[in-house]
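First comes the structure, then the notes that go with it.
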Protein chains: 2
Amino acid sequence: MADKKEYKVIGTRPIRHDGVDKVTGRALYGADFQIVGLLHGRMLRSPHAHARIKSIDTSRAEAYPGVKAVVTAKDFPGAGDAIVDLGEGAVSLKHLQDNVLASNKALYKGHQVAAVAAIDPHTAEEALELIDVDYEVLPPVINVRNAMKEDAPLLHEDLRTDEMGEKSEKPSNIASHFQHKKGDLDKGFAEADVVIEHEFTTATVHQGYIEPHNATALYNPDGQLTIWCSTQGAFTVRAQVSEILQMPVSKVKVVPMEIGGGFGGKIQVYIKPVAAMLSMKTGKPVKVLMSRADVFEGTGPTPGSYVRVKIGATKEGRITAAEGYLAYEAGAYPGSPVGAGAMCIWSCYNIENALVDGYDVVVNKPKTSAYRAPGATNAAFAVETVIDEICEKIGMDPLEFRILNSAKEGDTRVDGPVFPRIGFAETVEAAKEHPHYSTSLDGKYRGRGVASGFWPNFGMKSSVAINVTSDGTINLVEGSTDIGGTRASIAMQAAEVLGISAESVTPIVADTNSVGYTDVTGGSRTTFATGYAAYEAAQDVKRQMIERAAKLWEVDESEVEFADGVFRCTNGKEEEIDFKGLAGQLDETGGPVVGRGTADPTGAGPSIGTHVVDVEVDPETGKVQILRYTATQDAGKAIHPSYVEGQIQGGAVQGIGWALNEEYIYNEKGEMTNASFLDYRIPTCLDLPMIDAVIVEVPNPGHPYGVRGVGETPIVAPPAAIANAIYRAIGVRMRELPMSPGRILKATGKI
Amino acid sequence: MADKKEYKVIGTRPIRHDGVDKVTGRALYGADFQIVGLLHGRMLRSPHAHARIKSIDTSRAEAYPGVKAVVTAKDFPGAGDAIVDLGEGAVSLKHLQDNVLASNKALYKGHQVAAVAAIDPHTAEEALELIDVDYEVLPPVINVRNAMKEDAPLLHEDLRTDEMGEKSEKPSNIASHFQHKKGDLDKGFAEADVVIEHEFTTATVHQGYIEPHNATALYNPDGQLTIWCSTQGAFTVRAQVSEILQMPVSKVKVVPMEIGGGFGGKIQVYIKPVAAMLSMKTGKPVKVLMSRADVFEGTGPTPGSYVRVKIGATKEGRITAAEGYLAYEAGAYPGSPVGAGAMCIWSCYNIENALVDGYDVVVNKPKTSAYRAPGATNAAFAVETVIDEICEKIGMDPLEFRILNSAKEGDTRVDGPVFPRIGFAETVEAAKEHPHYSTSLDGKYRGRGVASGFWPNFGMKSSVAINVTSDGTINLVEGSTDIGGTRASIAMQAAEVLGISAESVTPIVADTNSVGYTDVTGGSRTTFATGYAAYEAAQDVKRQMIERAAKLWEVDESEVEFADGVFRCTNGKEEEIDFKGLAGQLDETGGPVVGRGTADPTGAGPSIGTHVVDVEVDPETGKVQILRYTATQDAGKAIHPSYVEGQIQGGAVQGIGWALNEEYIYNEKGEMTNASFLDYRIPTCLDLPMIDAVIVEVPNPGHPYGVRGVGETPIVAPPAAIANAIYRAIGVRMRELPMSPGRILKATGKI
C-alpha cells in the first residue's frame, strides 16, 4: 500500500551528506580526538563476578612515575541515596554511581573498580596492576531462573520482591514485578479449541557495535566540563554525568563525535564520568578508551531471559486468550527491558483476553543496556513460534492466521494504548504476495518459516535550527547523533518544505551547548521526531521568507503564496521567485533568516514487520544456513528508502545472529569465556544471502509526512521465523536461543 | 547625563564567561589547533617593494624531500576580471587574488608570491629558498604625495584619475576621488573673522595585535572546505575565500578560534585562501602561521595620509565654513579608509558651509586594512588642532567652542545623514566638569590639550539562537568573534529580557555552519547589533515561555504576564513561576524551547568622545610624557561598564601610541626597516598613567537598551589632544605624526 502524496525530495535516494567523510576515513571519531596536554586513563576491572570489596589501596599506583591521578568510588560526590530521573523513570543514583565505579561490591567480571590517569596509555595500564583491591569472593548467579530461587546468592540487600511478584520482608534478586491484563483469561481459554503453552530461554547478546566506547573529558577551573565522546545522545550523557557527578546540566558540555555503531549500547555511560573525575583531579584533559574485551565484559548487553507463553485459539484461527510470563535479566542493577517486552508481547494481535507478567531480575552480569527493540525479540521468539504450532494444529496458513488476528486502528493494546492507523495486516499481505512466499522450496532439511514483530516507537524531544545562506542553501543544526543516515533523512524533510534539493542542506550535528535539547538517537525516533522538528524549523523559515517576498514586492504577506519551491504574488502582480533567488536578497529585505523548530510529538506510529525465511539444516553439524530472507515492514513513509532498507536489512541480520550464534558463554565462576569477536560470533556477509527488504507505506497520522520509526522492528521477528523454518526443515521445535549447531544436534538427538 | 531606566543585569559588571579559559591559558587559539595528518605551509614573500614578476620556477622546491605542494597565483581559478561585492561595495577580484598571491607584479616588500606545504615548518621554510622568482625591480613610491605626482612610478595600468580628481586618459596612482559638499563655502569664509589653514601628514601605523595571523585549512574530496583561524568575522572570511577560490559560500565552513586582538586588521584574508589551496593540492590539512615580521610587512596597516584643512569662524566662536582635503594611502591596491575619514572629518560639528575632497591613492606598501575608526584619526588630528588654534586666536575656551558648535539631533552631516539623538555636547560638558579640567597644571614644559573625536558606528547583520536548559540557564549561540568582552555584553542583553543573571547564560561563538549570518566584529557594531539580535531571540523565548506558563496553568496566553523575571497569571488565579522554575517544566508542557533572533538595524547611534590630556615635554630629548589623561564618551547605554571603560582606555592608548611613537619607517628601497615590536614602538603600561574613562549615557533611540558602539571613537581624539597639549607646553604646533622625540626636537630647532 503506497502513500499517494507527491513529494519532490522525500522518497528519493540522495547520497548522504557525511558519505565522503566516512569513506575517505576523514570523519573524526572519539578515538581520533586530540588536544594539547592530553593524559590517558585506563580502568581497573573486577576479576570476579561477585565479590565484596573490603578495601582498595591506591598508594602504590599513585606513586608510580607518570601517574597523575587515581580515582575510586570514594571520589564521587555524596547524594548516593538520591532517586533521580534521567527521562525514563526513577533510578537510584547509587546504582548509577556503583555501576561506574563499584563501591562495596563488584557485581560482574569487568565491573569498573578504579581508574588511573597517566602520561601515556602504557603507564596507566602498568599502574592498574599496582592498585591493591582486597576482595571477598562470593558465589555468583548468572541465570535469571537461578537468581529468582529463594536460596540464590544475593546481589543487593534492598530488593524485596518475592518469586510470586509480591512485596516481601526477605531480600531477593527480583527488582520488580508488574502485570498488564485485559479481558477474562479463563473465559478466553475456555473458548479455545486449541491451547498451547511452552517455556523459552534466550541468551545474553551484545549489540556488537564496531567502535568501542571512548571519552575525553576536560574540566575547567571555572566549573565547566566538556566531554568529547561516542554516544547515541549527547544530552543523555549530559544528564547522566551531571547526576553522577552532581553538577548542574548547564556546566556540562558534551560534544558528540562520529559514532561507530550503537544499537542502544551507547546510551548508558561507563567511562565518561570517570574521565571527568580524572580530569577534575589532574586539571588536564583525559582520554579513556575501552578494548573489545572491556566492551564485552563491562558494558550492557541485552538480557538473557526466561519466557513462558500460553495461547488459546479457535479452530477457525481466532486467538481467544493469551498469557505471558517474562523474566528478564537486568544484569547487576535493576532495569532490564522487560517493560518494553511486555509492551510488545501481544501487540501484533487484537486479543480480547490477555495477560502479561513481567519480572526484572538482577544477576552477576553487566547491567543490561538497550539493544534494538529491547525486550521485544525475547518475547516474540516465544509468541511467534507458539502461533506457528497453533497454525500447524488447526491446519491454517500462518500468514492467513496473522491477517485474521492482526491489530488494527482502534484496537486496544494489552498494555493500554489504543492503536492509531497501523499497517500490520498490510505487511503480512506484502509477505504473502511476495514471490518468495509462493516459490517452492525443494530439497531435504529445508524449511520456510514466517514470523511478525512489533515495536511501538517513541517520540520524545528534538530541536532544530536552520540558517539560510545567501547561495540558496541552508544549514540545519540538529542534536541527533547520525547513526543510520539521519543527517540525510532529517535534511530531506526540511528540503521538502522549502522546495530545495537534499544537497542544498548542510546538516550539522551540534554539541549540547549549540543546539536545543534533543533526546537520544534510539527508540526509532530520530527520523520521526527530529525530522518533525526540522519540518517545524523549515516552516518557520518559510513564513519569514514569505514576509521577505512581500517586502520585496511591496505587497501584503497574505498576497504571497509558496508552492513547488516558488514564491508567487497572488494579487495580480506578476512576481515570482524561487527559494534560491529570495535567499540571495535577504540583505536587502531585513537581514538574515534563521528558523527554529522543536518537537515532542505524541503520535509515534508503531511499526510492524513480517519476515519470511528459508533455511537448510546440515544434519551432520547442526549448522543452519539461511537460503533466502524477505522482510516486509510498515515504514509509514520512507523518507530515504535506501536507509529504511538498510535498517530492515541490518535489523534482520542482527536478529539472525541472535537466532543462530550469538551468546555470552559463562563458566562456573561467572566469567564470560568468549569476550572477543573471534569467539562471540556475529554473522558476516559471507554467512548470509542478500536480505530482501520490502517497504510498506501506511502513513502515520502523527507525522506531517507520515513517518514511522523503522530501526528496531526488523530485529524482532528473525529468531522466531528461523525457529519455525527449522521446524519445517527437520521437525524439531527449538525453544532455546541461540539455535547453534550444538543445540540443534542436541535437539535432534545427534549428541 | 545618566539613563534613568532601571535594569537588573545591564549596567552591572559580571565576570566574563571566557575569563577563566583565558587566564589559565586553556582557550584555544588558531596556532593551538591540532588535527591528524597536518602539513605546514609557509609563504614566499617579495623582497622588493615594486617589481615585475617575469617568471616563477617552483620545480626545485617541488622536488625537495618533504614538500607536498607549491602554489602560486597560477593556481587560482579564473574569473580574475570579475567585480565582486563582499558587503562593502564593489572590488576587483583580481586585486583580491593578487594581494593574496602576486601574479604579474609584486607591489610591496612582503607581498605573498608563492607558498609551500611540507611535512614540517622547517622543511617548508627551506623549500621557499628553492623557489626561483625572476624579478624586474622597479622604483617604488611609498608616500601619498609623491604617488600623486604626474611622473610617479605607476603601480597599476588601470587607474585613471588625475591629480584634480578628474577622469583622465593617462594612468595614475589615484584610484578614486569623491567630494561631499554642503552650503556655500565662499559665503561661509566671507562671514569668518578668522580663517586658518594648514597641512598635516600622518604615518603608516599598524594595529599591533599580539597574535599573528594563522589558518588551518582542510579541503575534503566532496568539495567542502573548512578553515580554522583567527578572524574578526568568520562569515567575512567565508565570503572572501569563496570569491577568491570561486567556491559557493555553502561549501566553505569557517571556524573562528579565539582571537588575540584584531582592531580591524583581522578582517582581510591573506594566508587563509593559500592554506585552502595547499590543502586542495595535497588532500591534507595545512596550517600556515605568520611571523611578526610577516604581520608588519605583509598585512594591512592604517594609511599614511596628507590632510589639509581650512576653517573659518566668527570671533564669537561660530564655525562659518570648513574645507578639507584628504589624500590617503590605499597601499598596493585601491581601498583606503578615506571614505570613512570624509564621513568623520566635520561630523562633530554643525557647520553650514563645508566641503571635503577625498583621494584614494595606491603606493608600494601593503594594502591598508581597517584599524579602529579607520580614517577618522587622520582627519581629526588636522581639524582638532586647527580649532585649537582658532580658539587661541579668538580667546575662547576650547571646550566652550565645542559646545557652541556641537552637532545635535536633527543637524545634517556634511556627508548626508541627519543626526538622531547624540551626546556630543554632553561629553564636552562631562570633560569640563571633570576635576581634571579644573586642576591647575604647574611646572615648566607642561601643557593641557583637549580634542574631540567622532565615529558614526554601524549596524549590519547578526543572528542569535537561544536554547533553554532545564536548570533555568540558556545557551546563546552567536556568530560574533569575542574580542573585547562581547560574550558578556551580548549575554547580558538576553539575560535582561528573561530576568536571569548574566552567569545563567552560556554564550557560544559558533562556526559559519552553526549560526545564522553575522557580520564582522568591527565598526563598533557587536554589542549594538548582535546584542539587538540577542534581545530579539530572548523575546522569542519569552513569548514561548508565556505560552508554556499558560499551558501549565490552563489559562489563555493573554492571561500571563512576565515582569521582573516572574511569569504571573493575571486572571485572578494565584499562579506565579520564575524563569528557572518554568524552564524545569518544559518537558511537561510541549518539549524544548528554542528562540531565534536576527538583526540588521539601521539605527546605529554615532558616538562622540572628548579627551583631556596633560603632557610634559623633555626639552633635551624631545620625549613627551603623558601626565594625566581623561576620556569622556557617549556610550548610549553601557551594557558592561568595565568593558566600555576598557574600550575607551584601549582606544586612547592606541591613539597615544599613534600620536607619539608609532610609524612604519621605510628606506629608499621601500623596505620597512622596523618590522618588529622592538623597533616599532607601542606604548606599554610603564609608559602611561591610568586612563580615566568617563561614560556618558545618552541613549541611542535605535536600540532597545540605547546602546551605541564604543570601540572606535576613543582612538580619534588623542593625537590632536596631545598636539594641542604639546603646543601649550612648548609653544610649537606639531602637524606631522608621530610627534616622536626627533620631530619634537626638529620642531623646536634643537636638531
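Order determines the names: the first chain of the C-alpha cells is A, the second B, and so forth; residues in each chain are numbered 1 upward, and ligands are numbered 1 upward as they are shown.
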inquiry  = Which residues are close to Asp158 (chain A), i.e. within 9 Å by only C-alpha atoms, leaving aside same-chain residues fewer than 3 positions away? Reply as a PyMOL selection string.
reply    = chain A and resi 171-172+175
Store the residues picked out above, limited to all heavy atoms, as a PDB file, in the first residue's frame.
ATOM      1  N   PRO A 171      15.147 -10.163  51.483  1.00  0.00           N
ATOM      2  CA  PRO A 171      15.811  -9.700  50.253  1.00  0.00           C
ATOM      3  C   PRO A 171      15.761 -10.777  49.170  1.00  0.00           C
ATOM      4  O   PRO A 171      15.699 -11.975  49.482  1.00  0.00           O
ATOM      5  CB  PRO A 171      17.255  -9.478  50.690  1.00  0.00           C
ATOM      6  CG  PRO A 171      17.268  -9.474  52.173  1.00  0.00           C
ATOM      7  CD  PRO A 171      16.089 -10.294  52.613  1.00  0.00           C
ATOM      8  N   SER A 172      15.780 -10.326  47.930  1.00  0.00           N
ATOM      9  CA  SER A 172      15.786 -11.256  46.799  1.00  0.00           C
ATOM     10  C   SER A 172      16.562 -10.612  45.662  1.00  0.00           C
ATOM     11  O   SER A 172      17.093  -9.512  45.806  1.00  0.00           O
ATOM     12  CB  SER A 172      14.351 -11.537  46.351  1.00  0.00           C
ATOM     13  OG  SER A 172      13.866 -10.443  45.585  1.00  0.00           O
ATOM     14  N   ALA A 175      13.964  -7.349  41.251  1.00  0.00           N
ATOM     15  CA  ALA A 175      13.913  -5.888  41.439  1.00  0.00           C
ATOM     16  C   ALA A 175      12.490  -5.378  41.354  1.00  0.00           C
ATOM     17  O   ALA A 175      12.106  -4.457  42.076  1.00  0.00           O
ATOM     18  CB  ALA A 175      14.786  -5.200  40.393  1.00  0.00           C
TER      19      ALA A 175
END
Counting only C-alpha atoms, collect the residues of chain A whose closest atom lies at most 7 Å from chain B, and write them out as a CSV table (one decimal) with C-alpha atoms, in the first residue's frame.
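Final output, part.csv:
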chain,number,residue,atom,x,y,z
A,20,VAL,CA,32.7,11.2,1.6
A,34,GLN,CA,43.4,15.2,20.0
A,35,ILE,CA,44.0,18.1,22.4
A,221,PRO,CA,38.7,25.6,36.8
A,222,ASP,CA,35.5,27.7,36.2
A,248,PRO,CA,24.3,21.4,37.1
A,249,VAL,CA,23.5,20.3,33.5
A,250,SER,CA,24.5,23.7,32.2
A,461,LYS,CA,12.1,15.7,22.3
A,463,SER,CA,15.3,20.7,18.4
A,467,ASN,CA,20.2,29.2,9.0
A,468,VAL,CA,19.6,30.4,5.4
A,469,THR,CA,22.7,31.0,3.3
A,471,ASP,CA,23.5,31.0,-2.1
A,473,THR,CA,21.3,26.6,0.7
A,475,ASN,CA,22.5,24.9,7.4
A,477,VAL,CA,21.7,22.3,13.1
A,508,ILE,CA,25.3,19.8,11.4
A,513,ASN,CA,25.6,23.9,24.1
A,514,SER,CA,24.9,24.7,20.5
A,515,VAL,CA,21.5,23.2,19.8
A,516,GLY,CA,18.3,22.9,21.7
A,517,TYR,CA,17.5,19.8,23.8
A,590,GLY,CA,15.9,42.9,6.5
A,591,GLY,CA,19.0,40.7,7.1
A,592,PRO,CA,19.5,37.1,7.9
A,593,VAL,CA,16.7,34.5,8.2
A,594,VAL,CA,17.0,31.9,11.0
A,595,GLY,CA,14.3,29.3,11.7
A,596,ARG,CA,13.8,27.2,14.7
A,598,THR,CA,11.1,21.9,18.4
A,599,ALA,CA,9.1,18.7,18.7
A,600,ASP,CA,7.9,16.4,21.4
query = Which of region 522-744 of chain B counts as strand (DSSP E) under DSSP, as a ChimeraX atom specification please?
reply = /B:560-563,566-569,576-578,594-599,607-617,624-634,691-696
request  = Please measure the separation of CA of Ser168 (chain B) and CA of Phe200 (chain B), giving the value in Å to one decimal.
outcome  =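 These two atoms are separated by 27.2 Å.
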query = Interatomic distance between CA of Val23 (chain B) and CA of Lys253 (chain B)?
reply = 28.6 Å
key: Residues within 10 Å of region 120-137 of chain B, only C-alpha atoms, excluding chain neighbours under 4 positions, as number ranges by chain   = B: 38-70, 104-106, 113-116, 287-289
request  = Please provide as a list in words all residues within 10 Å of Ile142 (chain B), with the sequence filter that same-chain residues fewer than 4 positions apart are discarded (counting only C-alpha atoms).
outcome  =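 In the requested format, the answer is Ala49, His50, Tyr108, Asn146, Ala147, Pro153, Gly304, Glu329, Gly331, Ala332, Val362, Val363, Asn364, Lys365, Tyr666, Asn667, Glu668, Lys669, Gly670 and Glu671 of chain B.
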message = For region 335-346 of chain B, find every residue with an atom within 7 Å (counting only C-alpha atoms), except residues of its own chain fewer than 2 positions away, and show them as JSON, numbers by chain.
response = {"B": [303, 326, 328, 329, 330, 333, 348, 349, 356, 358, 359, 360, 368, 374, 375, 376, 379, 380, 414, 415, 454, 455]}
inquiry  = Taking only C-alpha atoms into account, name the residue in A:Arg292, A:Arg448, A:Lys281, A:Arg421 that is nearest to Asp388 (chain A).
reply    =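 So, comparing all the options, the nearest one is A:Arg448.
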task = Identify, on the basis of only C-alpha atoms, every residue whose closest approach to Ile648 (chain B) does not exceed 12 Å; exclude the query and any residue fewer than 2 positions from it along the same chain; express the result as a VMD selection string.
result = chain B and resid 372 453 484 524 607 to 611 629 to 635 638 641 to 646 650 to 655 690 to 696 709 to 718
With N, CA and C atoms retained, export the selected residues as a CSV table (one decimal), in the first residue's frame.
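The result, stored in out-v7.csv:
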chain,number,residue,atom,x,y,z
B,372,ARG,N,40.6,50.5,13.9
B,372,ARG,CA,39.8,51.3,14.9
B,372,ARG,C,39.5,52.7,14.3
B,453,GLY,N,36.4,63.5,19.2
B,453,GLY,CA,36.5,62.6,18.1
B,453,GLY,C,35.1,62.0,17.8
B,484,GLY,N,36.5,42.0,22.7
B,484,GLY,CA,36.5,42.9,23.8
B,484,GLY,C,35.5,42.6,24.9
B,524,SER,N,32.4,48.9,15.6
B,524,SER,CA,31.7,49.1,16.9
B,524,SER,C,30.3,48.7,16.8
B,607,SER,N,28.8,57.8,18.0
B,607,SER,CA,29.4,58.0,19.4
B,607,SER,C,30.5,59.1,19.3
B,608,ILE,N,30.5,60.0,20.2
B,608,ILE,CA,31.5,61.1,20.2
B,608,ILE,C,32.2,61.1,21.5
B,609,GLY,N,33.4,61.4,21.6
B,609,GLY,CA,34.2,61.5,22.8
B,609,GLY,C,35.0,62.7,22.9
B,610,THR,N,35.3,63.2,24.1
B,610,THR,CA,36.1,64.4,24.2
B,610,THR,C,37.2,64.0,25.2
B,611,HIS,N,38.5,64.3,24.8
B,611,HIS,CA,39.6,63.9,25.6
B,611,HIS,C,40.4,65.1,26.2
B,629,TYR,N,45.4,61.7,31.8
B,629,TYR,CA,44.5,61.5,30.6
B,629,TYR,C,43.1,61.2,31.0
B,630,THR,N,42.2,62.0,30.5
B,630,THR,CA,40.8,61.7,30.8
B,630,THR,C,40.0,61.7,29.5
B,631,ALA,N,39.2,60.6,29.3
B,631,ALA,CA,38.4,60.5,28.1
B,631,ALA,C,37.0,60.3,28.5
B,632,THR,N,36.1,61.2,27.9
B,632,THR,CA,34.7,61.1,28.1
B,632,THR,C,34.1,60.6,26.8
B,633,GLN,N,33.1,59.8,27.0
B,633,GLN,CA,32.5,59.3,25.7
B,633,GLN,C,31.0,58.9,25.9
B,634,ASP,N,30.2,59.2,24.9
B,634,ASP,CA,28.8,58.8,24.9
B,634,ASP,C,28.7,57.3,24.5
B,635,ALA,N,28.3,56.5,25.5
B,635,ALA,CA,28.1,55.1,25.2
B,635,ALA,C,26.7,54.7,24.9
B,638,ALA,N,25.8,51.9,28.7
B,638,ALA,CA,26.9,50.9,28.9
B,638,ALA,C,26.4,49.6,29.4
B,641,PRO,N,29.9,48.2,32.0
B,641,PRO,CA,30.7,49.4,32.1
B,641,PRO,C,32.2,49.1,32.1
B,642,SER,N,32.6,48.0,32.7
B,642,SER,CA,34.1,47.7,32.7
B,642,SER,C,34.6,47.6,31.3
B,643,TYR,N,33.8,47.0,30.4
B,643,TYR,CA,34.3,46.7,29.0
B,643,TYR,C,34.2,48.0,28.2
B,644,VAL,N,33.2,48.9,28.5
B,644,VAL,CA,33.2,50.2,27.9
B,644,VAL,C,34.4,51.0,28.3
B,645,GLU,N,34.7,51.0,29.6
B,645,GLU,CA,35.9,51.7,30.0
B,645,GLU,C,37.1,51.1,29.4
B,646,GLY,N,37.1,49.8,29.3
B,646,GLY,CA,38.3,49.1,28.7
B,646,GLY,C,38.5,49.5,27.2
B,650,GLY,N,41.7,51.5,26.0
B,650,GLY,CA,42.4,50.8,24.9
B,650,GLY,C,42.6,51.7,23.7
B,651,GLY,N,41.4,52.3,23.3
B,651,GLY,CA,41.5,53.2,22.2
B,651,GLY,C,42.4,54.4,22.4
B,652,ALA,N,42.3,55.0,23.6
B,652,ALA,CA,43.1,56.2,24.0
B,652,ALA,C,44.6,55.8,23.9
B,653,VAL,N,44.9,54.6,24.4
B,653,VAL,CA,46.3,54.2,24.5
B,653,VAL,C,46.8,54.0,23.0
B,654,GLN,N,46.0,53.4,22.2
B,654,GLN,CA,46.5,53.2,20.8
B,654,GLN,C,46.6,54.6,20.1
B,655,GLY,N,45.7,55.5,20.5
B,655,GLY,CA,45.8,56.8,19.9
B,655,GLY,C,47.1,57.5,20.4
B,690,MET,N,47.2,55.7,34.4
B,690,MET,CA,45.8,55.1,34.2
B,690,MET,C,45.0,56.1,33.4
B,691,ILE,N,44.3,55.6,32.4
B,691,ILE,CA,43.4,56.4,31.6
B,691,ILE,C,42.1,56.5,32.3
B,692,ASP,N,41.6,57.7,32.6
B,692,ASP,CA,40.4,57.9,33.3
B,692,ASP,C,39.2,57.9,32.3
B,693,ALA,N,38.4,56.9,32.3
B,693,ALA,CA,37.4,56.8,31.3
B,693,ALA,C,36.0,57.2,31.9
B,694,VAL,N,35.4,58.2,31.3
B,694,VAL,CA,34.1,58.7,31.8
B,694,VAL,C,33.0,58.4,30.8
B,695,ILE,N,32.1,57.5,31.3
B,695,ILE,CA,31.0,57.1,30.4
B,695,ILE,C,29.8,58.1,30.5
B,696,VAL,N,29.4,58.6,29.4
B,696,VAL,CA,28.2,59.5,29.3
B,696,VAL,C,27.1,58.6,28.7
B,709,GLY,N,27.7,51.9,19.7
B,709,GLY,CA,29.1,51.3,19.7
B,709,GLY,C,30.1,52.2,20.4
B,710,VAL,N,31.1,51.6,21.0
B,710,VAL,CA,32.0,52.4,21.8
B,710,VAL,C,33.5,52.2,21.4
B,711,GLY,N,33.7,51.2,20.6
B,711,GLY,CA,35.1,50.7,20.5
B,711,GLY,C,36.0,51.6,19.7
B,712,GLU,N,35.5,52.4,18.8
B,712,GLU,CA,36.4,53.1,17.8
B,712,GLU,C,36.6,54.5,18.2
B,713,THR,N,35.6,55.2,18.6
B,713,THR,CA,35.7,56.6,18.9
B,713,THR,C,36.9,57.0,19.7
B,714,PRO,N,37.3,56.2,20.7
B,714,PRO,CA,38.4,56.7,21.6
B,714,PRO,C,39.7,56.8,21.0
B,715,ILE,N,39.9,56.3,19.8
B,715,ILE,CA,41.3,56.4,19.2
B,715,ILE,C,41.4,57.7,18.4
B,716,VAL,N,40.2,58.4,18.2
B,716,VAL,CA,40.2,59.5,17.2
B,716,VAL,C,40.8,60.8,17.8
B,717,ALA,N,40.5,61.1,19.0
B,717,ALA,CA,40.9,62.4,19.6
B,717,ALA,C,42.4,62.5,20.0
B,718,PRO,N,43.0,61.4,20.5
B,718,PRO,CA,44.3,61.5,21.2
B,718,PRO,C,45.4,62.3,20.4
query = Given the choices A:Phe235, A:Trp228, A:Phe419, A:Tyr705, which gets closest to Phe528 (chain A) if the distance is worked out from only C-alpha atoms?
reply =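 Counting only C-alpha atoms, the residue closest to Phe528 (chain A) is A:Tyr705.
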